[in-house]
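Source file upload18.cif; content: mmCIF, C-alpha atoms.
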data_final
#
loop_
_atom_site.label_atom_id
_atom_site.label_comp_id
_atom_site.auth_asym_id
_atom_site.auth_seq_id
_atom_site.Cartn_x
_atom_site.Cartn_y
_atom_site.Cartn_z
CA MET U 1277 27.75 -3.64 0.66
CA GLY U 1278 24.95 -6.24 1.10
CA LYS U 1279 25.87 -6.95 4.74
CA GLU U 1280 25.98 -3.22 5.52
CA LYS U 1281 22.53 -2.70 4.03
CA SER U 1282 21.12 -5.69 5.94
CA LEU U 1283 22.61 -4.40 9.19
CA LEU U 1284 21.16 -0.94 8.58
CA ILE U 1285 17.70 -2.39 7.91
CA LEU U 1286 17.94 -4.50 11.09
CA ILE U 1287 18.91 -1.45 13.15
CA LEU U 1288 16.10 0.65 11.66
CA LEU U 1289 13.54 -2.08 12.32
CA SER U 1290 14.78 -2.44 15.90
CA VAL U 1291 14.41 1.30 16.49
CA PHE U 1292 11.00 1.26 14.82
CA PHE U 1293 9.64 -1.58 16.95
CA VAL U 1294 11.06 -0.11 20.15
CA SER U 1295 9.43 3.24 19.36
CA CYS U 1296 6.12 1.49 18.64
CA ALA U 1297 6.27 -0.30 21.97
CA SER U 1298 5.87 2.88 23.99
CA LYS U 1299 2.31 4.08 24.21
CA PRO U 1300 0.14 6.04 26.59
CA LYS U 1301 -0.79 4.38 29.87
CA ASN U 1302 -4.30 3.06 30.48
CA VAL U 1303 -4.96 2.51 26.77
CA ASN U 1304 -6.72 -0.64 25.68
CA SER U 1305 -4.62 -1.97 22.79
CA ILE U 1306 -7.60 -3.56 21.04
CA ASN U 1307 -8.92 -0.03 20.43
CA GLU U 1308 -5.77 1.32 18.76
CA PHE U 1309 -3.37 0.29 16.05
CA THR U 1310 -0.72 1.63 13.70
CA VAL U 1311 -0.57 1.19 9.93
CA LEU U 1312 2.64 1.12 7.90
CA ILE U 1313 2.60 1.60 4.13
CA ILE U 1314 5.77 0.62 2.24
CA ASP U 1315 6.74 0.22 -1.41
CA GLU U 1316 8.13 -2.82 -3.23
CA ASN U 1317 11.60 -1.98 -1.89
CA ASN U 1318 10.33 -1.87 1.72
CA GLN U 1319 10.72 1.90 1.77
CA PRO U 1320 8.05 3.98 3.53
CA ILE U 1321 5.54 5.79 1.35
CA PRO U 1322 4.88 9.25 2.81
CA ALA U 1323 1.62 11.10 2.07
CA PHE U 1324 -0.28 7.93 1.15
CA THR U 1325 -3.97 8.70 1.68
CA THR U 1326 -5.72 5.88 3.51
CA TYR U 1327 -9.35 5.37 4.47
CA ILE U 1328 -10.30 3.40 7.58
CA SER U 1329 -13.82 2.51 8.67
CA LYS U 1330 -15.89 -0.07 10.42
CA LYS U 1331 -17.58 -2.45 8.00
CA GLY U 1332 -20.47 -0.50 6.53
CA GLY U 1333 -19.50 2.65 8.47
CA SER U 1334 -18.26 6.05 7.43
CA LYS U 1335 -14.62 6.37 6.40
CA LYS U 1336 -12.02 8.40 8.25
CA THR U 1337 -9.04 9.67 6.27
CA TYR U 1338 -5.46 9.15 7.44
CA ILE U 1339 -2.29 10.25 5.65
CA THR U 1340 1.02 8.51 6.28
CA ASN U 1341 3.89 10.51 7.73
CA ASN U 1342 7.46 10.52 6.34
CA GLU U 1343 8.01 7.06 7.85
CA GLY U 1344 4.94 5.68 6.05
CA LEU U 1345 3.01 5.42 9.32
CA PHE U 1346 -0.22 6.62 10.81
CA TYR U 1347 -1.86 5.86 14.13
CA VAL U 1348 -5.53 4.97 14.62
CA PRO U 1349 -6.58 5.75 18.20
CA ASP U 1350 -9.72 4.60 19.97
CA PHE U 1351 -11.07 2.35 17.20
CA LYS U 1352 -14.08 0.43 18.49
CA GLY U 1353 -14.62 -2.79 16.60
CA LYS U 1354 -13.29 -6.27 15.89
CA GLU U 1355 -12.34 -5.49 12.30
CA PHE U 1356 -11.70 -2.52 10.07
CA VAL U 1357 -11.98 -1.79 6.38
CA ILE U 1358 -8.98 -0.17 4.72
CA SER U 1359 -8.37 1.31 1.29
CA GLY U 1360 -6.07 4.00 -0.03
CA GLN U 1361 -4.21 5.66 -2.86
CA LYS U 1362 -1.40 7.93 -3.93
CA ASN U 1363 -0.49 9.17 -7.38
CA ASN U 1364 1.94 6.90 -9.22
CA TYR U 1365 1.26 3.89 -6.99
CA ALA U 1366 -1.12 0.98 -7.16
CA ARG U 1367 -4.29 1.56 -5.20
CA LEU U 1368 -4.82 -0.22 -1.91
CA GLU U 1369 -8.06 -1.97 -2.74
CA GLU U 1370 -10.74 -2.06 -0.05
CA GLN U 1371 -10.33 -5.00 2.28
CA CYS U 1372 -11.66 -6.05 5.66
CA VAL U 1373 -9.03 -6.78 8.32
CA PRO U 1374 -9.64 -8.48 11.70
CA ILE U 1375 -8.15 -6.82 14.77
CA LEU U 1376 -6.43 -9.21 17.15
CA PRO U 1377 -5.48 -8.13 20.69
CA GLU U 1378 -1.81 -8.95 20.12
CA LYS U 1379 -1.61 -7.18 16.75
CA GLU U 1380 -0.93 -3.46 16.96
CA LEU U 1381 0.92 -2.92 13.67
CA PHE U 1382 -0.55 -3.60 10.24
CA CYS U 1383 1.64 -3.32 7.15
CA TRP U 1384 0.80 -3.10 3.46
CA GLN U 1385 3.27 -3.19 0.61
CA ILE U 1386 2.12 -1.06 -2.30
CA LYS U 1387 3.85 -1.21 -5.66
CA SER U 1388 4.99 1.93 -7.42
CA ALA U 1389 3.66 2.57 -10.92
CA THR U 1390 7.06 1.55 -12.31
CA ALA U 1391 6.93 -1.82 -10.53
CA VAL U 1392 3.34 -2.40 -11.67
CA LEU U 1393 4.33 -1.63 -15.27
CA ASP U 1394 7.17 -4.16 -15.00
CA SER U 1395 4.64 -6.76 -13.83
CA ILE U 1396 2.31 -5.82 -16.69
CA LYS U 1397 5.10 -6.43 -19.21
CA THR U 1398 5.77 -9.83 -17.65
CA TYR U 1399 2.08 -10.78 -17.93
CA ILE U 1400 1.97 -9.61 -21.55
CA GLU U 1401 5.02 -11.73 -22.36
CA ALA U 1402 3.18 -14.70 -20.82
CA ASP U 1403 0.06 -13.92 -22.93
CA ASN U 1404 -1.94 -13.16 -19.78
CA PHE U 1405 -3.57 -10.00 -21.12
CA GLY U 1406 -6.45 -10.09 -18.64
CA ARG U 1407 -4.12 -9.86 -15.65
CA ALA U 1408 -2.04 -7.17 -17.39
CA TYR U 1409 -5.15 -5.06 -17.99
CA TYR U 1410 -6.34 -5.58 -14.41
CA LEU U 1411 -2.99 -4.34 -13.06
CA LEU U 1412 -3.12 -1.30 -15.33
CA LYS U 1413 -6.43 -0.30 -13.74
CA THR U 1414 -4.92 -0.46 -10.23
CA ILE U 1415 -2.49 2.41 -10.81
CA LYS U 1416 -3.52 5.85 -9.51
CA PHE U 1417 -2.43 8.48 -12.01
CA GLU U 1418 -2.28 12.20 -11.33
CA ARG U 1419 -3.95 13.09 -14.62
CA ALA U 1420 -6.27 11.23 -16.98
CA SER U 1421 -3.83 12.00 -19.78
CA ASP U 1422 -1.11 10.07 -17.90
CA TYR U 1423 -3.40 7.04 -17.72
CA GLN U 1424 -4.23 7.38 -21.41
CA LYS U 1425 -0.57 7.56 -22.39
CA VAL U 1426 0.40 4.50 -20.32
CA SER U 1427 -2.63 2.48 -21.41
CA ASN U 1428 -1.84 3.21 -25.07
CA GLU U 1429 1.68 1.83 -24.50
CA VAL U 1430 0.31 -1.26 -22.76
CA PHE U 1431 -2.17 -1.95 -25.57
CA LYS U 1432 0.62 -1.46 -28.10
CA LEU U 1433 2.69 -4.08 -26.27
CA MET U 1434 -0.31 -6.43 -26.20
CA SER U 1435 -0.90 -6.10 -29.95
CA GLN U 1436 2.81 -6.72 -30.63
CA ALA U 1437 2.71 -9.83 -28.43
CA MET U 1438 -0.26 -11.19 -30.40
CA LYS U 1439 1.68 -11.13 -33.67
#
What is this structure when it is put down as structure tokens?
Amino acid sequence: MGKEKSLLILILLSVFFVSCASKPKNVNSINEFTVLIIDENNQPIPAFTTYISKKGGSKKTYITNNEGLFYVPDFKGKEFVISGQKNNYARLEEQCVPILPEKELFCWQIKSATAVLDSIKTYIEADNFGRAYYLLKTIKFERASDYQKVSNEVFKLMSQAMK
């Protein structure tokens, strides 16, 4: 089963990179790029809202397609600022990314809320409450009540670990 899964992933990546290789003629590659957003299992995250801007400039909103991709055409600049979010995933914190002429695909791996909560439990077990709390704040919840419920559970785990 492991070899079959590895072969499937290899085939999918091959198809993906071949499809990314074809682009319109007479387009300067430094002015365009594609972004891929995947989860902790390397699965695409559809409908992830992402914000792209020049440093200090206004943000443009992009939403990933079913393959976790979106295309940024005609971007003028040597670097871009990216951030993003989707309910039940960690936020993509704002960061500045240099654009290199040979780099046309940028990829970010975003953890699901479940994976972040697993990491939080690990940090609590290691008595690293500061890191656990920081990770809790990175999760985008649909409702404030969801955040409250999860944070109550995390603080309960912390108090149990202190005993």
Explicit residue set for the PyMOL selection byres ((chain U and resi 1368-1379) around 10), as number ranges by chain: U: 1304-1310, 1313, 1324-1331, 1351, 1353-1362, 1365-1367, 1380-1382, 1384-1387, 1414-1416
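Under the PyMOL selection byres ((chain U and resi 1422-1439) around 10), the matching residues in the shown file are Asn1364, Leu1393, Ile1396, Lys1397, Tyr1399, Ile1400, Glu1401, Ala1402, Asp1403, Asn1404, Phe1405, Ala1408, Tyr1409, Leu1412, Lys1413, Ile1415, Lys1416, Phe1417, Glu1418, Arg1419, Ala1420 and Ser1421 of chain U.
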Using only C-alpha atoms, please write the residues we just selected to a file, as a PDB file, in the frame of the given file.
ATOM      1  CA  ASN U1364       1.940   6.900  -9.220  1.00  0.00           C
ATOM      2  CA  LEU U1393       4.330  -1.630 -15.270  1.00  0.00           C
ATOM      3  CA  ILE U1396       2.310  -5.820 -16.690  1.00  0.00           C
ATOM      4  CA  LYS U1397       5.100  -6.430 -19.210  1.00  0.00           C
ATOM      5  CA  TYR U1399       2.080 -10.780 -17.930  1.00  0.00           C
ATOM      6  CA  ILE U1400       1.970  -9.610 -21.550  1.00  0.00           C
ATOM      7  CA  GLU U1401       5.020 -11.730 -22.360  1.00  0.00           C
ATOM      8  CA  ALA U1402       3.180 -14.700 -20.820  1.00  0.00           C
ATOM      9  CA  ASP U1403       0.060 -13.920 -22.930  1.00  0.00           C
ATOM     10  CA  ASN U1404      -1.940 -13.160 -19.780  1.00  0.00           C
ATOM     11  CA  PHE U1405      -3.570 -10.000 -21.120  1.00  0.00           C
ATOM     12  CA  ALA U1408      -2.040  -7.170 -17.390  1.00  0.00           C
ATOM     13  CA  TYR U1409      -5.150  -5.060 -17.990  1.00  0.00           C
ATOM     14  CA  LEU U1412      -3.120  -1.300 -15.330  1.00  0.00           C
ATOM     15  CA  LYS U1413      -6.430  -0.300 -13.740  1.00  0.00           C
ATOM     16  CA  ILE U1415      -2.490   2.410 -10.810  1.00  0.00           C
ATOM     17  CA  LYS U1416      -3.520   5.850  -9.510  1.00  0.00           C
ATOM     18  CA  PHE U1417      -2.430   8.480 -12.010  1.00  0.00           C
ATOM     19  CA  GLU U1418      -2.280  12.200 -11.330  1.00  0.00           C
ATOM     20  CA  ARG U1419      -3.950  13.090 -14.620  1.00  0.00           C
ATOM     21  CA  ALA U1420      -6.270  11.230 -16.980  1.00  0.00           C
ATOM     22  CA  SER U1421      -3.830  12.000 -19.780  1.00  0.00           C
TER      23      SER U1421
END
What does the distance between atom CA of Thr1340 of chain U and atom CA of Ile1321 of chain U come to in Å, to one decimal place? 7.2 Å
So that I can see what lies close to Pro1322 of chain U, please list as a VMD selection string the residues with an atom at most 8 Å from it, counting all atoms listed in the file and leaving out residues fewer than 4 positions away in the same chain. chain U and resid 1339 to 1345
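As for atom CA of Pro1320 of chain U and atom CA of Tyr1410 of chain U, they are spaced 24.9 Å apart.
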Since the input has fewer atoms than a full residue there, write segment 1418-1429 of chain U out with all heavy atoms, as a PDB file, in the coordinates of the input.
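Ended up saving to result32.pdb:
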ATOM      1  N   GLU U1418      -1.965  10.823 -11.697  1.00  0.00           N
ATOM      2  CA  GLU U1418      -2.280  12.200 -11.330  1.00  0.00           C
ATOM      3  C   GLU U1418      -3.283  12.809 -12.311  1.00  0.00           C
ATOM      4  O   GLU U1418      -4.214  13.498 -11.919  1.00  0.00           O
ATOM      5  CB  GLU U1418      -1.002  13.029 -11.293  1.00  0.00           C
ATOM      6  CG  GLU U1418      -1.190  14.403 -10.719  1.00  0.00           C
ATOM      7  CD  GLU U1418       0.132  15.120 -10.502  1.00  0.00           C
ATOM      8  OE1 GLU U1418       1.204  14.499 -10.632  1.00  0.00           O
ATOM      9  OE2 GLU U1418       0.077  16.311 -10.210  1.00  0.00           O
ATOM     10  N   ARG U1419      -3.079  12.531 -13.583  1.00  0.00           N
ATOM     11  CA  ARG U1419      -3.950  13.090 -14.620  1.00  0.00           C
ATOM     12  C   ARG U1419      -4.483  11.972 -15.510  1.00  0.00           C
ATOM     13  O   ARG U1419      -3.814  10.973 -15.743  1.00  0.00           O
ATOM     14  CB  ARG U1419      -3.167  14.093 -15.478  1.00  0.00           C
ATOM     15  CG  ARG U1419      -2.657  15.306 -14.700  1.00  0.00           C
ATOM     16  CD  ARG U1419      -1.858  16.251 -15.589  1.00  0.00           C
ATOM     17  NE  ARG U1419      -0.643  15.642 -16.139  1.00  0.00           N
ATOM     18  CZ  ARG U1419       0.534  15.618 -15.520  1.00  0.00           C
ATOM     19  NH1 ARG U1419       0.656  16.147 -14.335  1.00  0.00           N
ATOM     20  NH2 ARG U1419       1.579  15.067 -16.081  1.00  0.00           N
ATOM     21  N   ALA U1420      -5.675  12.200 -16.054  1.00  0.00           N
ATOM     22  CA  ALA U1420      -6.270  11.230 -16.980  1.00  0.00           C
ATOM     23  C   ALA U1420      -5.384  11.042 -18.199  1.00  0.00           C
ATOM     24  O   ALA U1420      -5.291   9.940 -18.751  1.00  0.00           O
ATOM     25  CB  ALA U1420      -7.668  11.681 -17.387  1.00  0.00           C
ATOM     26  N   SER U1421      -4.703  12.102 -18.611  1.00  0.00           N
ATOM     27  CA  SER U1421      -3.830  12.000 -19.780  1.00  0.00           C
ATOM     28  C   SER U1421      -2.647  11.060 -19.511  1.00  0.00           C
ATOM     29  O   SER U1421      -2.171  10.380 -20.427  1.00  0.00           O
ATOM     30  CB  SER U1421      -3.324  13.380 -20.209  1.00  0.00           C
ATOM     31  OG  SER U1421      -2.571  13.984 -19.177  1.00  0.00           O
ATOM     32  N   ASP U1422      -2.187  11.003 -18.257  1.00  0.00           N
ATOM     33  CA  ASP U1422      -1.110  10.070 -17.900  1.00  0.00           C
ATOM     34  C   ASP U1422      -1.599   8.628 -18.054  1.00  0.00           C
ATOM     35  O   ASP U1422      -0.895   7.777 -18.591  1.00  0.00           O
ATOM     36  CB  ASP U1422      -0.633  10.296 -16.462  1.00  0.00           C
ATOM     37  CG  ASP U1422       0.056  11.629 -16.288  1.00  0.00           C
ATOM     38  OD1 ASP U1422       0.534  12.197 -17.288  1.00  0.00           O
ATOM     39  OD2 ASP U1422       0.106  12.096 -15.128  1.00  0.00           O
ATOM     40  N   TYR U1423      -2.820   8.379 -17.583  1.00  0.00           N
ATOM     41  CA  TYR U1423      -3.400   7.040 -17.720  1.00  0.00           C
ATOM     42  C   TYR U1423      -3.536   6.687 -19.200  1.00  0.00           C
ATOM     43  O   TYR U1423      -3.189   5.580 -19.615  1.00  0.00           O
ATOM     44  CB  TYR U1423      -4.755   6.950 -17.030  1.00  0.00           C
ATOM     45  CG  TYR U1423      -5.444   5.633 -17.291  1.00  0.00           C
ATOM     46  CD1 TYR U1423      -5.067   4.488 -16.592  1.00  0.00           C
ATOM     47  CD2 TYR U1423      -6.432   5.516 -18.262  1.00  0.00           C
ATOM     48  CE1 TYR U1423      -5.666   3.264 -16.842  1.00  0.00           C
ATOM     49  CE2 TYR U1423      -7.038   4.294 -18.519  1.00  0.00           C
ATOM     50  CZ  TYR U1423      -6.653   3.174 -17.808  1.00  0.00           C
ATOM     51  OH  TYR U1423      -7.250   1.968 -18.067  1.00  0.00           O
ATOM     52  N   GLN U1424      -4.022   7.626 -19.987  1.00  0.00           N
ATOM     53  CA  GLN U1424      -4.230   7.380 -21.410  1.00  0.00           C
ATOM     54  C   GLN U1424      -2.908   7.044 -22.105  1.00  0.00           C
ATOM     55  O   GLN U1424      -2.829   6.106 -22.898  1.00  0.00           O
ATOM     56  CB  GLN U1424      -4.891   8.593 -22.087  1.00  0.00           C
ATOM     57  CG  GLN U1424      -5.362   8.315 -23.484  1.00  0.00           C
ATOM     58  CD  GLN U1424      -6.416   7.233 -23.529  1.00  0.00           C
ATOM     59  OE1 GLN U1424      -7.361   7.258 -22.745  1.00  0.00           O
ATOM     60  NE2 GLN U1424      -6.268   6.289 -24.431  1.00  0.00           N
ATOM     61  N   LYS U1425      -1.882   7.784 -21.778  1.00  0.00           N
ATOM     62  CA  LYS U1425      -0.570   7.560 -22.390  1.00  0.00           C
ATOM     63  C   LYS U1425      -0.038   6.165 -22.039  1.00  0.00           C
ATOM     64  O   LYS U1425       0.411   5.420 -22.913  1.00  0.00           O
ATOM     65  CB  LYS U1425       0.412   8.634 -21.895  1.00  0.00           C
ATOM     66  CG  LYS U1425       1.807   8.511 -22.447  1.00  0.00           C
ATOM     67  CD  LYS U1425       2.700   9.613 -21.901  1.00  0.00           C
ATOM     68  CE  LYS U1425       4.132   9.408 -22.327  1.00  0.00           C
ATOM     69  NZ  LYS U1425       5.031  10.390 -21.741  1.00  0.00           N
ATOM     70  N   VAL U1426      -0.105   5.808 -20.762  1.00  0.00           N
ATOM     71  CA  VAL U1426       0.400   4.500 -20.320  1.00  0.00           C
ATOM     72  C   VAL U1426      -0.455   3.372 -20.893  1.00  0.00           C
ATOM     73  O   VAL U1426       0.067   2.357 -21.361  1.00  0.00           O
ATOM     74  CB  VAL U1426       0.472   4.424 -18.778  1.00  0.00           C
ATOM     75  CG1 VAL U1426       0.763   3.018 -18.309  1.00  0.00           C
ATOM     76  CG2 VAL U1426       1.531   5.389 -18.260  1.00  0.00           C
ATOM     77  N   SER U1427      -1.771   3.541 -20.881  1.00  0.00           N
ATOM     78  CA  SER U1427      -2.630   2.480 -21.410  1.00  0.00           C
ATOM     79  C   SER U1427      -2.403   2.279 -22.904  1.00  0.00           C
ATOM     80  O   SER U1427      -2.426   1.147 -23.386  1.00  0.00           O
ATOM     81  CB  SER U1427      -4.107   2.745 -21.102  1.00  0.00           C
ATOM     82  OG  SER U1427      -4.556   3.904 -21.740  1.00  0.00           O
ATOM     83  N   ASN U1428      -2.151   3.342 -23.641  1.00  0.00           N
ATOM     84  CA  ASN U1428      -1.840   3.210 -25.070  1.00  0.00           C
ATOM     85  C   ASN U1428      -0.577   2.373 -25.257  1.00  0.00           C
ATOM     86  O   ASN U1428      -0.510   1.516 -26.148  1.00  0.00           O
ATOM     87  CB  ASN U1428      -1.677   4.575 -25.725  1.00  0.00           C
ATOM     88  CG  ASN U1428      -2.991   5.286 -25.929  1.00  0.00           C
ATOM     89  OD1 ASN U1428      -4.053   4.668 -25.875  1.00  0.00           O
ATOM     90  ND2 ASN U1428      -2.935   6.595 -26.126  1.00  0.00           N
ATOM     91  N   GLU U1429       0.433   2.609 -24.426  1.00  0.00           N
ATOM     92  CA  GLU U1429       1.680   1.830 -24.500  1.00  0.00           C
ATOM     93  C   GLU U1429       1.427   0.357 -24.173  1.00  0.00           C
ATOM     94  O   GLU U1429       1.969  -0.530 -24.824  1.00  0.00           O
ATOM     95  CB  GLU U1429       2.732   2.411 -23.555  1.00  0.00           C
ATOM     96  CG  GLU U1429       3.322   3.714 -24.017  1.00  0.00           C
ATOM     97  CD  GLU U1429       4.068   3.572 -25.348  1.00  0.00           C
ATOM     98  OE1 GLU U1429       4.843   2.612 -25.505  1.00  0.00           O
ATOM     99  OE2 GLU U1429       3.862   4.429 -26.227  1.00  0.00           O
TER     100      GLU U1429
END
